[in-house]
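Chemist: Sharing model_34.cif, mmCIF, C-alpha atoms:
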data_my_file
#
loop_
_atom_site.label_atom_id
_atom_site.label_comp_id
_atom_site.auth_asym_id
_atom_site.auth_seq_id
_atom_site.Cartn_x
_atom_site.Cartn_y
_atom_site.Cartn_z
CA MET A 1 11.23 -113.62 44.94
CA ASN A 2 8.91 -111.80 47.35
CA ILE A 3 9.40 -114.53 49.98
CA SER A 4 13.18 -114.19 49.64
CA ARG A 5 13.02 -110.42 50.13
CA MET A 6 10.74 -110.86 53.15
CA THR A 7 13.16 -113.39 54.67
CA GLN A 8 16.08 -111.03 54.05
CA THR A 9 14.23 -108.15 55.68
CA LEU A 10 13.32 -110.21 58.72
CA LEU A 11 16.93 -111.43 59.05
CA ILE A 12 18.30 -107.87 58.91
CA SER A 13 15.74 -106.71 61.52
CA PHE A 14 16.66 -109.62 63.79
CA LEU A 15 20.40 -108.96 63.53
CA THR A 16 19.89 -105.23 64.13
CA ALA A 17 17.83 -105.89 67.26
CA LEU A 18 20.41 -108.39 68.48
CA PHE A 19 23.21 -105.87 67.96
CA LEU A 20 21.38 -103.11 69.75
CA SER A 21 20.47 -105.33 72.67
CA GLY A 22 24.09 -106.37 72.98
CA CYS A 23 25.24 -102.77 72.97
CA SER A 24 22.81 -101.83 75.72
CA HIS A 25 24.80 -103.94 78.17
CA ASP A 26 27.89 -101.81 77.46
CA LYS A 27 26.24 -98.53 78.46
CA LEU A 28 27.59 -96.90 81.60
CA GLU A 29 25.41 -95.10 84.11
CA LEU A 30 25.96 -91.35 84.28
CA PRO A 31 27.96 -90.35 87.37
CA VAL A 32 26.02 -88.91 90.29
CA ILE A 33 27.75 -85.91 91.87
CA PRO A 34 27.56 -86.21 95.67
CA PRO A 35 26.66 -83.23 97.87
CA GLY A 36 29.46 -80.82 98.67
CA ASP A 37 29.99 -82.02 102.24
CA GLU A 38 30.48 -85.59 100.96
CA GLN A 39 32.94 -84.54 98.25
CA PHE A 40 35.28 -82.79 100.68
CA LYS A 41 35.90 -84.98 103.70
CA GLY A 42 37.54 -83.53 106.79
CA LEU A 43 35.90 -80.13 106.51
CA ASP A 44 34.41 -80.57 109.96
CA ASP A 45 37.92 -80.28 111.43
CA ALA A 46 39.04 -77.32 109.30
CA GLU A 47 39.16 -73.77 110.59
CA TYR A 48 39.13 -70.38 108.92
CA VAL A 49 42.21 -68.18 109.06
CA LEU A 50 42.35 -64.46 108.41
CA LEU A 51 44.23 -63.48 105.24
CA SER A 52 46.52 -60.49 105.04
CA PRO A 53 46.28 -57.68 104.46
CA ILE A 54 43.03 -56.63 106.08
CA LEU A 55 41.45 -54.07 103.76
CA ASP A 56 41.43 -51.16 106.18
CA ALA A 57 42.93 -47.71 106.67
CA SER A 58 46.22 -49.07 108.02
CA ASN A 59 46.73 -50.85 104.69
CA GLY A 60 45.77 -47.96 102.42
CA TYR A 61 42.01 -48.50 102.11
CA SER A 62 39.43 -45.87 102.97
CA PHE A 63 36.18 -47.78 103.46
CA ARG A 64 33.53 -46.17 105.65
CA GLN A 65 30.77 -48.42 106.97
CA PRO A 66 30.81 -50.84 104.01
CA SER A 67 27.42 -52.61 104.02
CA ASP A 68 27.71 -55.31 101.36
CA VAL A 69 30.16 -57.35 99.31
CA PHE A 70 29.22 -59.19 96.12
CA PHE A 71 31.39 -61.47 93.97
CA GLY A 72 30.20 -61.18 90.40
CA ALA A 73 30.14 -63.56 87.45
CA ASP A 74 32.84 -61.31 85.97
CA ASN A 75 35.17 -62.37 88.83
CA PHE A 76 35.30 -58.95 90.45
CA LEU A 77 34.40 -58.19 94.05
CA TYR A 78 32.04 -55.25 94.52
CA VAL A 79 31.80 -53.35 97.81
CA ALA A 80 28.92 -51.10 98.81
CA ASP A 81 31.06 -48.43 100.45
CA THR A 82 28.09 -46.88 102.20
CA GLY A 83 29.72 -44.07 104.14
CA ASN A 84 31.64 -42.90 101.07
CA ASP A 85 28.58 -43.00 98.74
CA ARG A 86 30.17 -45.25 96.13
CA ILE A 87 30.74 -48.77 94.80
CA VAL A 88 34.33 -50.03 94.86
CA MET A 89 35.44 -52.72 92.39
CA LEU A 90 38.23 -55.06 93.55
CA ASP A 91 39.91 -58.13 92.14
CA ALA A 92 39.66 -61.41 94.05
CA GLY A 93 42.82 -60.58 96.00
CA GLY A 94 41.53 -57.22 97.19
CA ALA A 95 43.33 -54.82 94.81
CA VAL A 96 41.19 -51.84 93.81
CA GLN A 97 40.23 -51.90 90.12
CA GLY A 98 37.90 -48.92 90.01
CA ILE A 99 35.51 -46.69 91.94
CA SER A 100 32.06 -45.62 90.83
CA GLY A 101 30.65 -42.13 90.75
CA TYR A 102 28.42 -40.77 93.50
CA LEU A 103 25.68 -43.13 94.65
CA PRO A 104 24.03 -42.17 97.95
CA HIS A 105 24.56 -44.71 100.74
CA PRO A 106 24.53 -47.98 98.76
CA GLU A 107 23.40 -50.92 100.92
CA ALA A 108 23.18 -54.05 98.73
CA ILE A 109 24.42 -55.19 95.29
CA THR A 110 23.57 -57.87 92.74
CA GLN A 111 24.42 -58.49 89.07
CA ASN A 112 22.34 -59.77 86.16
CA ASP A 113 23.39 -61.83 83.15
CA SER A 114 24.28 -58.69 81.20
CA LEU A 115 26.83 -57.83 83.90
CA GLN A 116 24.79 -54.86 85.05
CA LEU A 117 25.03 -54.06 88.75
CA LEU A 118 21.73 -53.42 90.53
CA ILE A 119 21.93 -51.54 93.81
CA VAL A 120 19.54 -50.51 96.59
CA ASN A 121 20.24 -47.97 99.31
CA ASN A 122 17.52 -48.10 101.99
CA SER A 123 15.33 -45.83 99.88
CA ASN A 124 12.50 -46.65 97.47
CA VAL A 125 14.83 -46.63 94.45
CA VAL A 126 16.70 -49.30 92.45
CA TYR A 127 19.89 -48.14 90.71
CA ARG A 128 21.84 -49.66 87.80
CA ILE A 129 25.47 -49.51 86.69
CA ASP A 130 25.89 -51.00 83.19
CA LEU A 131 29.46 -52.29 83.31
CA PHE A 132 29.29 -54.06 79.95
CA LYS A 133 28.28 -50.88 78.17
CA TYR A 134 31.28 -49.04 79.62
CA ALA A 135 33.78 -51.91 79.18
CA HIS A 136 33.98 -52.37 82.96
CA ASP A 137 35.25 -48.83 83.50
CA ILE A 138 33.14 -48.33 86.60
CA ALA A 139 34.43 -44.78 87.10
CA ALA A 140 33.06 -43.76 83.69
CA ALA A 141 29.81 -45.74 83.93
CA SER A 142 26.60 -43.81 84.46
CA ILE A 143 24.43 -44.53 87.50
CA ASP A 144 20.83 -44.85 86.38
CA THR A 145 17.58 -45.00 88.35
CA VAL A 146 15.62 -47.95 86.93
CA PHE A 147 12.79 -48.03 89.48
CA HIS A 148 11.34 -45.45 91.84
CA PHE A 149 8.43 -46.41 94.10
CA ALA A 150 7.06 -42.88 94.04
CA SER A 151 3.66 -43.89 95.41
CA GLU A 152 5.30 -45.36 98.55
CA PRO A 153 7.85 -42.80 99.75
CA ASN A 154 8.37 -44.58 103.08
CA ARG A 155 9.46 -47.91 101.59
CA GLN A 156 13.08 -48.88 102.24
CA PHE A 157 14.76 -51.46 100.00
CA THR A 158 17.27 -53.39 102.12
CA GLY A 159 18.45 -56.27 99.91
CA ILE A 160 18.47 -57.35 96.26
CA SER A 161 19.26 -60.51 94.27
CA VAL A 162 18.81 -61.49 90.61
CA HIS A 163 16.95 -64.69 89.71
CA ASN A 164 16.09 -66.20 86.32
CA ARG A 165 18.97 -64.26 84.76
CA PHE A 166 17.36 -60.79 84.77
CA GLU A 167 14.43 -60.76 87.17
CA TYR A 168 15.19 -59.86 90.77
CA TYR A 169 13.92 -59.88 94.32
CA VAL A 170 14.07 -56.91 96.68
CA THR A 171 13.53 -57.03 100.44
CA ALA A 172 11.61 -54.04 101.74
CA ILE A 173 10.43 -52.58 105.01
CA ASP A 174 8.50 -49.50 105.98
CA VAL A 175 10.41 -46.66 107.57
CA ALA A 176 8.15 -46.94 110.63
CA ASP A 177 9.38 -50.48 111.39
CA SER A 178 11.78 -50.45 114.31
CA SER A 179 12.30 -52.11 117.67
CA THR A 180 9.90 -49.65 119.28
CA ASN A 181 7.48 -48.66 116.52
CA PHE A 182 5.91 -51.40 114.43
CA ARG A 183 3.72 -51.35 111.33
CA GLU A 184 2.70 -54.23 109.10
CA PHE A 185 4.97 -53.49 106.15
CA ASN A 186 7.55 -56.18 105.45
CA PHE A 187 7.87 -57.46 101.90
CA ILE A 188 9.95 -59.36 99.41
CA TYR A 189 9.10 -57.83 96.05
CA ASP A 190 9.52 -59.54 92.68
CA PHE A 191 10.59 -57.49 89.64
CA THR A 192 10.76 -58.28 85.93
CA GLY A 193 14.00 -57.93 84.00
CA ARG A 194 12.62 -54.65 82.66
CA HIS A 195 12.39 -53.29 86.22
CA THR A 196 8.63 -53.52 86.48
CA LEU A 197 7.25 -54.41 89.90
CA LYS A 198 5.28 -57.68 89.69
CA GLY A 199 4.25 -57.43 93.33
CA PRO A 200 5.12 -58.84 96.73
CA LEU A 201 5.72 -62.56 97.20
CA PRO A 202 2.91 -64.27 99.14
CA LEU A 203 4.71 -64.47 102.49
CA ASN A 204 2.62 -64.48 105.64
CA VAL A 205 2.26 -61.06 107.23
CA ASN A 206 4.15 -60.68 110.51
CA GLY A 207 4.21 -64.39 111.34
CA SER A 208 6.49 -66.11 113.82
CA GLY A 209 7.18 -69.12 111.60
CA LEU A 210 8.49 -70.04 108.19
CA TYR A 211 7.47 -68.13 105.08
CA SER A 212 6.98 -64.88 106.95
CA ALA A 213 9.24 -61.86 107.26
CA ILE A 214 9.81 -59.28 109.99
CA LEU A 215 12.40 -56.61 109.10
CA PRO A 216 14.13 -58.53 106.25
CA THR A 217 17.77 -57.61 105.70
CA SER A 218 18.88 -59.55 102.60
CA VAL A 219 17.78 -61.94 99.88
CA LEU A 220 19.93 -64.42 97.91
CA SER A 221 18.66 -66.23 94.83
CA LEU A 222 19.69 -69.88 94.40
CA ARG A 223 20.82 -68.77 90.94
CA GLU A 224 24.07 -67.78 92.65
CA ARG A 225 24.91 -71.42 93.36
CA TRP A 226 24.41 -72.61 89.79
CA LEU A 227 25.71 -69.56 87.94
CA ASP A 228 27.81 -70.60 84.89
CA ILE A 229 27.61 -74.33 85.72
CA SER A 230 23.96 -75.30 85.12
CA VAL A 231 21.55 -73.24 83.06
CA SER A 232 18.59 -75.46 83.93
CA ASN A 233 19.21 -75.12 87.67
CA GLU A 234 20.12 -71.45 87.40
CA ASP A 235 16.64 -70.56 86.20
CA THR A 236 14.96 -71.02 89.56
CA PRO A 237 12.82 -68.72 91.69
CA ALA A 238 14.11 -70.40 94.90
CA PHE A 239 15.98 -68.19 97.35
CA TYR A 240 17.33 -67.63 100.87
CA PHE A 241 16.60 -64.58 102.95
CA THR A 242 17.70 -63.17 106.29
CA GLN A 243 15.83 -60.94 108.71
CA ILE A 244 16.20 -59.27 112.08
CA GLY A 245 12.95 -61.05 112.87
CA ARG A 246 11.80 -59.10 115.90
CA THR A 247 10.22 -55.88 117.06
CA SER A 248 8.95 -54.86 120.47
CA LEU A 249 5.71 -56.68 119.65
CA LEU A 250 6.62 -59.68 117.52
CA GLU A 251 9.42 -62.19 116.97
CA ASN A 252 10.05 -64.63 114.14
CA ASN A 253 11.80 -67.86 115.12
CA PHE A 254 13.65 -68.23 111.80
CA PRO A 255 16.04 -65.33 111.06
CA PHE A 256 17.44 -67.35 108.14
CA GLN A 257 15.01 -69.08 105.79
CA HIS A 258 15.16 -71.15 102.61
CA VAL A 259 12.24 -70.75 100.24
CA THR A 260 12.30 -73.67 97.80
CA THR A 261 9.92 -74.80 95.04
CA VAL A 262 7.44 -77.57 94.30
CA ILE A 263 5.70 -78.48 91.06
CA VAL A 264 1.92 -78.02 91.22
CA GLU A 265 -0.04 -78.90 88.07
CA GLY A 266 3.04 -78.26 85.96
CA ASP A 267 3.90 -74.90 87.55
CA GLU A 268 6.86 -74.22 89.84
CA MET A 269 5.54 -72.76 93.07
CA LEU A 270 7.40 -71.25 96.03
CA THR A 271 7.15 -73.04 99.38
CA PRO A 272 9.09 -72.92 102.68
CA ASN A 273 11.76 -75.57 103.16
CA ILE A 274 10.76 -77.40 106.35
CA SER A 275 13.54 -80.01 106.12
CA TYR A 276 15.91 -77.73 108.09
CA VAL A 277 13.58 -77.56 111.10
CA GLY A 278 15.46 -79.02 114.07
CA THR A 279 18.89 -78.53 112.45
CA ASP A 280 21.68 -76.07 113.33
CA LEU A 281 20.73 -73.85 110.38
CA TYR A 282 17.26 -73.21 111.81
CA GLY A 283 18.45 -73.38 115.43
CA PHE A 284 16.48 -71.25 117.87
CA GLY A 285 18.58 -68.32 119.10
CA LYS A 286 21.43 -69.11 116.67
CA PHE A 287 21.54 -65.58 115.22
CA ARG A 288 21.07 -62.25 116.95
CA ASN A 289 20.84 -60.01 113.87
CA ALA A 290 21.03 -62.11 110.68
CA GLU A 291 22.30 -59.67 108.05
CA ASP A 292 23.34 -61.58 104.92
CA ALA A 293 23.86 -65.00 103.32
CA ALA A 294 26.01 -66.57 100.60
CA VAL A 295 26.18 -69.95 98.85
CA ASP A 296 28.90 -71.64 96.81
CA ARG A 297 28.77 -74.12 93.94
CA SER A 298 29.04 -77.10 96.28
CA GLY A 299 25.97 -75.92 98.14
CA PHE A 300 27.60 -74.80 101.38
CA ILE A 301 25.54 -72.06 103.01
CA PHE A 302 27.14 -69.07 104.74
CA VAL A 303 25.16 -66.88 107.14
CA LEU A 304 26.47 -63.58 108.48
CA ASP A 305 25.21 -62.50 111.88
CA GLY A 306 25.54 -58.89 112.99
CA GLY A 307 25.43 -60.28 116.53
CA ARG A 308 25.22 -58.17 119.63
CA ALA A 309 26.42 -54.59 119.79
CA LEU A 310 29.46 -53.35 121.68
CA SER A 311 27.07 -51.61 124.05
CA ASP A 312 25.10 -54.83 124.76
CA PRO A 313 26.10 -56.19 128.18
CA ASP A 314 24.15 -59.43 127.70
CA THR A 315 26.82 -61.98 126.77
CA THR A 316 24.16 -64.62 126.18
CA HIS A 317 23.39 -62.78 122.94
CA PRO A 318 25.60 -64.21 120.16
CA ALA A 319 28.73 -62.34 119.14
CA PRO A 320 28.94 -61.16 115.51
CA GLY A 321 30.53 -63.31 112.83
CA PHE A 322 29.82 -65.84 110.10
CA TYR A 323 28.78 -69.50 110.01
CA ARG A 324 29.05 -72.21 107.37
CA PHE A 325 26.46 -75.00 107.09
CA SER A 326 25.86 -78.14 105.08
CA SER A 327 22.98 -77.60 102.67
CA THR A 328 22.03 -81.29 102.83
CA SER A 329 21.85 -81.74 106.61
CA GLY A 330 21.72 -78.16 107.94
CA LYS A 331 24.69 -79.04 110.19
CA GLN A 332 27.01 -76.24 111.28
CA LEU A 333 30.54 -76.89 110.00
CA GLN A 334 32.56 -73.81 110.90
CA THR A 335 32.12 -70.45 112.55
CA VAL A 336 34.22 -67.34 113.14
CA THR A 337 32.70 -65.05 115.77
CA GLY A 338 33.97 -62.39 118.11
CA LEU A 339 33.05 -58.88 119.24
CA GLY A 340 35.59 -56.09 118.91
CA SER A 341 38.16 -54.75 116.46
CA GLY A 342 40.81 -57.49 116.61
CA ASN A 343 41.87 -59.91 113.89
CA LEU A 344 39.07 -62.42 114.49
CA GLN A 345 36.50 -59.95 115.76
CA PHE A 346 33.69 -57.98 114.17
CA ASN A 347 31.58 -54.92 114.88
CA HIS A 348 28.12 -55.31 113.30
CA PRO A 349 29.23 -56.91 109.99
CA ARG A 350 26.56 -56.62 107.30
CA GLY A 351 27.79 -58.25 104.08
CA ILE A 352 29.29 -61.61 103.06
CA ALA A 353 30.44 -63.10 99.74
CA VAL A 354 32.39 -66.23 98.79
CA LEU A 355 34.39 -67.42 95.82
CA PRO A 356 32.27 -70.06 94.05
CA ASP A 357 34.61 -73.08 94.28
CA VAL A 358 35.57 -74.81 97.53
CA GLU A 359 39.25 -75.24 96.68
CA GLY A 360 41.11 -72.04 97.44
CA GLN A 361 37.87 -70.40 98.47
CA ILE A 362 37.96 -66.97 100.09
CA VAL A 363 35.18 -65.65 102.32
CA TYR A 364 34.79 -61.85 102.22
CA VAL A 365 33.10 -60.01 105.09
CA ALA A 366 32.08 -56.36 105.21
CA ASP A 367 32.97 -55.54 108.82
CA THR A 368 30.81 -52.45 108.80
CA GLY A 369 31.45 -51.04 112.27
CA ASN A 370 35.21 -51.43 111.88
CA ASN A 371 35.30 -49.79 108.41
CA ARG A 372 37.05 -52.70 106.72
CA ILE A 373 36.78 -55.77 104.48
CA MET A 374 38.17 -59.02 105.90
CA MET A 375 39.15 -62.12 103.92
CA PHE A 376 39.18 -65.67 105.33
CA GLN A 377 40.27 -69.06 104.06
CA LEU A 378 40.08 -72.61 105.40
CA SER A 379 43.32 -73.62 107.10
CA THR A 380 43.46 -77.05 105.45
CA ASP A 381 44.61 -77.78 101.90
CA LEU A 382 41.69 -79.37 100.02
#
Translate the structure of the given file into structure tokens.

Modeler:
Amino acid sequence: MNISRMTQTLLISFLTALFLSGCSHDKLELPVIPPGDEQFKGLDDAEYVLLSPILDASNGYSFRQPSDVFFGADNFLYVADTGNDRIVMLDAGGAVQGISGYLPHPEAITQNDSLQLLIVNNSNVVYRIDLFKYAHDIAAASIDTVFHFASEPNRQFTGISVHNRFEYYVTAIDVADSSTNFREFNFIYDFTGRHTLKGPLPLNVNGSGLYSAILPTSVLSLRERWLDISVSNEDTPAFYFTQIGRTSLLENNFPFQHVTTVIVEGDEMLTPNISYVGTDLYGFGKFRNAEDAAVDRSGFIFVLDGGRALSDPDTTHPAPGFYRFSSTSGKQLQTVTGLGSGNLQFNHPRGIAVLPDVEGQIVYVADTGNNRIMMFQLSTDL
């Protein structure tokens, strides 16, 4: 009887193993999503066209020196309307949905996972507008000070971006930094989600190479690429940043930089991305005054260059405008540049944002010197 049961058990085990091994041949490999520039062929030949209307005074808008645009996870476009001391909330098509209360000279905007806007304004203060608390009535929402660097009154926060859902980076310079007067104060600060300063990131001080900052202008967390599509990728400390990169004494060769991560003894550590060296994205002399950056879900990178000023007679200096690059190769795909006030021209633009998906994507540019917001779209149907 025991032998019979043992035989039965062995037979069942054998048949089970045989069944499972047969099923393993029917398993399909999970699909691998190719990089964005491989998914959408023909983008090299596409061009950007200006959408109408331009959001300017002739079309009923009253922007004054807008310094930043940010497209939020709530699908609203937020404009730092610097000269009017306010934040303007628009829908994706450019229709005004609300205007904040008084906020002195806002310069840069981000949004955390609680749909709170965080704003800096070239002072030593971080502001918050809690849209969720006020049911997205931005006019009624209070404007709160969540951080004040009282011990460093000369610090100027120039850019801000949320990472890891609620933490955020802030680019900072000292008020003494300029083209003629230089001091060694250029930082990217890291903050907790409770608005506590963790400290500056370990960038090299005043270096000419990667992983060093001279007059940083903006920071963009890689969270923005993965927002709402990949929680595991969204929780990353990796980021892009832009910088003027020069004073009368020093010059950094990389106005746009990608700071990526590596795993060291189980910990995720920040490190400069050297794979773009020698590509268009890190091209020497590519940008005159790199002001801002954006990234979409397919990984395309957008860099906004303030370019040369109207008063600059040196035409070898790049004209202002924006560029789009492949994130896999660093190759430049498109550009729209021009100096002036015409339809495809800019006057010291300072902010850029993009809709997250490639199809039907709109690129928004804060054309600061021309007091307007411009919208662009690829001329090919994807």

Chemist: Set the distance at 6 Å and use only C-alpha atoms: which residues neighbour Phe157 (chain A) once local chain neighbours fewer than 2 positions away are removed? I'd like the list as a list in words.

Modeler: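 Returned residues: Val120, Asn122, Ser123, Asn124, Thr171 and Ala172 of chain A.
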
Chemist: May I have a table of the residues of region 119-194 of chain A lying at most 9 Å from region 237-241 of chain A, giving each one's closest pair of atoms and their distance in Å to one decimal, counting all atoms listed in the file, ordered by chain and ascending residue number, as CSV?

Modeler:
residue,atom,partner,partner_atom,distance
A:Ser161,CA,A:Phe239,CA,8.9
A:His163,CA,A:Pro237,CA,6.1
A:Asn164,CA,A:Pro237,CA,6.8
A:Thr171,CA,A:Phe241,CA,8.5

Chemist: Check what the PyMOL selection byres ((chain A and resi 346) around 9) selects in the file above and give those residues as a PDB file with C-alpha atoms, in the frame of the given file.

Modeler:
ATOM      1  CA  GLY A 306      25.540 -58.890 112.990  1.00  0.00           C
ATOM      2  CA  GLY A 307      25.430 -60.280 116.530  1.00  0.00           C
ATOM      3  CA  ALA A 319      28.730 -62.340 119.140  1.00  0.00           C
ATOM      4  CA  PRO A 320      28.940 -61.160 115.510  1.00  0.00           C
ATOM      5  CA  GLY A 321      30.530 -63.310 112.830  1.00  0.00           C
ATOM      6  CA  THR A 337      32.700 -65.050 115.770  1.00  0.00           C
ATOM      7  CA  GLY A 338      33.970 -62.390 118.110  1.00  0.00           C
ATOM      8  CA  LEU A 339      33.050 -58.880 119.240  1.00  0.00           C
ATOM      9  CA  GLY A 340      35.590 -56.090 118.910  1.00  0.00           C
ATOM     10  CA  SER A 341      38.160 -54.750 116.460  1.00  0.00           C
ATOM     11  CA  GLY A 342      40.810 -57.490 116.610  1.00  0.00           C
ATOM     12  CA  ASN A 343      41.870 -59.910 113.890  1.00  0.00           C
ATOM     13  CA  LEU A 344      39.070 -62.420 114.490  1.00  0.00           C
ATOM     14  CA  GLN A 345      36.500 -59.950 115.760  1.00  0.00           C
ATOM     15  CA  ASN A 347      31.580 -54.920 114.880  1.00  0.00           C
ATOM     16  CA  HIS A 348      28.120 -55.310 113.300  1.00  0.00           C
ATOM     17  CA  PRO A 349      29.230 -56.910 109.990  1.00  0.00           C
ATOM     18  CA  ASP A 367      32.970 -55.540 108.820  1.00  0.00           C
ATOM     19  CA  THR A 368      30.810 -52.450 108.800  1.00  0.00           C
ATOM     20  CA  GLY A 369      31.450 -51.040 112.270  1.00  0.00           C
ATOM     21  CA  ASN A 370      35.210 -51.430 111.880  1.00  0.00           C
TER      22      ASN A 370
END

Chemist: Looking at A:Phe63, A:Phe300, A:Phe284, A:Phe147, which one is nearest to Lys331 (chain A), with distances taken over all atoms listed in the file?

Modeler: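 Under the stated criterion, the closest residue is A:Phe300.
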
Chemist: May I have the residues within 12 Å of Thr261 (chain A) as a PyMOL selection string, using only C-alpha atoms and disregarding those fewer than 6 positions away in the same chain?

Modeler: chain A and resi 222+233+235-240+267-274

Chemist: Taking (1.6, -61.3, 105.1) in the file's coordinates, which residues come within 12 Å, counting all atoms listed in the file, written as a ChimeraX atom specification?

Modeler: /A:183-188,200-214

Chemist: What separation in Å, quoted to one decimal, exists between CA of Phe191 (chain A) and CA of Glu167 (chain A)?

Modeler: 5.6 Å

Chemist: Between CA of Thr315 (chain A) and CA of Ala290 (chain A), what is the distance in Å, rounded to a tenth?

Modeler: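 That distance, rounded to one decimal, is 17.1 Å.
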
Chemist: On this structure, the PyMOL selection byres ((chain A and resi 280) around 12) would catch which residues? List them as a list in words, sorted by chain and number.

Modeler: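 This file, filtered by the PyMOL selection byres ((chain A and resi 280) around 12), leaves Phe254, Phe256, Ser275, Tyr276, Val277, Gly278, Thr279, Leu281, Tyr282, Gly283, Phe284, Gly285, Lys286, Phe287, Ile301, Val303, Tyr323, Arg324, Phe325, Ser326, Ser327, Thr328, Ser329, Gly330, Lys331, Gln332, Leu333, Gln334 and Thr335 of chain A.
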
Chemist: Exactly which residues make up the result of the PyMOL selection byres ((chain A and resi 74-85) around 9) on this file, given as a PyMOL selection string?

Modeler: chain A and resi 62-73+86-94+97+101-109+115+119+121+351+353+355+364+366+373

Chemist: Keeping N, CA and C atoms, write region 275-290 of chain A of the structure just shown out as a compact mmCIF listing (two decimals), in the first residue's frame.

Modeler:
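See selection_23.txt below for the written result:
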# COMPACT_ATOMS: atom_id res chain seq x y z
N SER A 275 28.11 60.55 -21.30
CA SER A 275 27.83 59.95 -22.60
C SER A 275 27.46 60.98 -23.66
N TYR A 276 27.05 62.19 -23.24
CA TYR A 276 26.70 63.24 -24.19
C TYR A 276 27.91 64.06 -24.66
N VAL A 277 29.07 63.82 -24.07
CA VAL A 277 30.26 64.56 -24.49
C VAL A 277 30.55 64.25 -25.96
N GLY A 278 30.73 65.29 -26.76
CA GLY A 278 30.96 65.12 -28.19
C GLY A 278 29.69 65.12 -29.02
N THR A 279 28.51 65.22 -28.37
CA THR A 279 27.25 65.25 -29.11
C THR A 279 26.77 66.70 -29.25
N ASP A 280 25.69 66.88 -30.04
CA ASP A 280 25.10 68.21 -30.21
C ASP A 280 24.66 68.80 -28.88
N LEU A 281 24.11 67.96 -28.00
CA LEU A 281 23.55 68.44 -26.75
C LEU A 281 24.60 69.10 -25.86
N TYR A 282 25.81 68.59 -25.90
CA TYR A 282 26.91 69.18 -25.14
C TYR A 282 27.86 69.97 -26.04
N GLY A 283 27.38 70.38 -27.21
CA GLY A 283 28.24 71.05 -28.17
C GLY A 283 28.80 72.37 -27.65
N PHE A 284 30.09 72.57 -27.86
CA PHE A 284 30.74 73.80 -27.40
C PHE A 284 30.19 75.00 -28.16
N GLY A 285 29.77 76.02 -27.44
CA GLY A 285 29.23 77.23 -28.06
C GLY A 285 27.81 77.09 -28.57
N LYS A 286 27.13 75.98 -28.25
CA LYS A 286 25.76 75.77 -28.74
C LYS A 286 24.80 76.81 -28.17
N PHE A 287 24.94 77.12 -26.88
CA PHE A 287 24.01 78.04 -26.22
C PHE A 287 24.76 79.27 -25.72
N ARG A 288 24.11 80.42 -25.86
CA ARG A 288 24.67 81.67 -25.37
C ARG A 288 24.28 81.92 -23.92
N ASN A 289 22.99 81.76 -23.62
CA ASN A 289 22.47 81.95 -22.27
C ASN A 289 21.40 80.89 -22.01
N ALA A 290 21.82 79.67 -21.68
CA ALA A 290 20.86 78.59 -21.45
C ALA A 290 19.98 78.94 -20.25
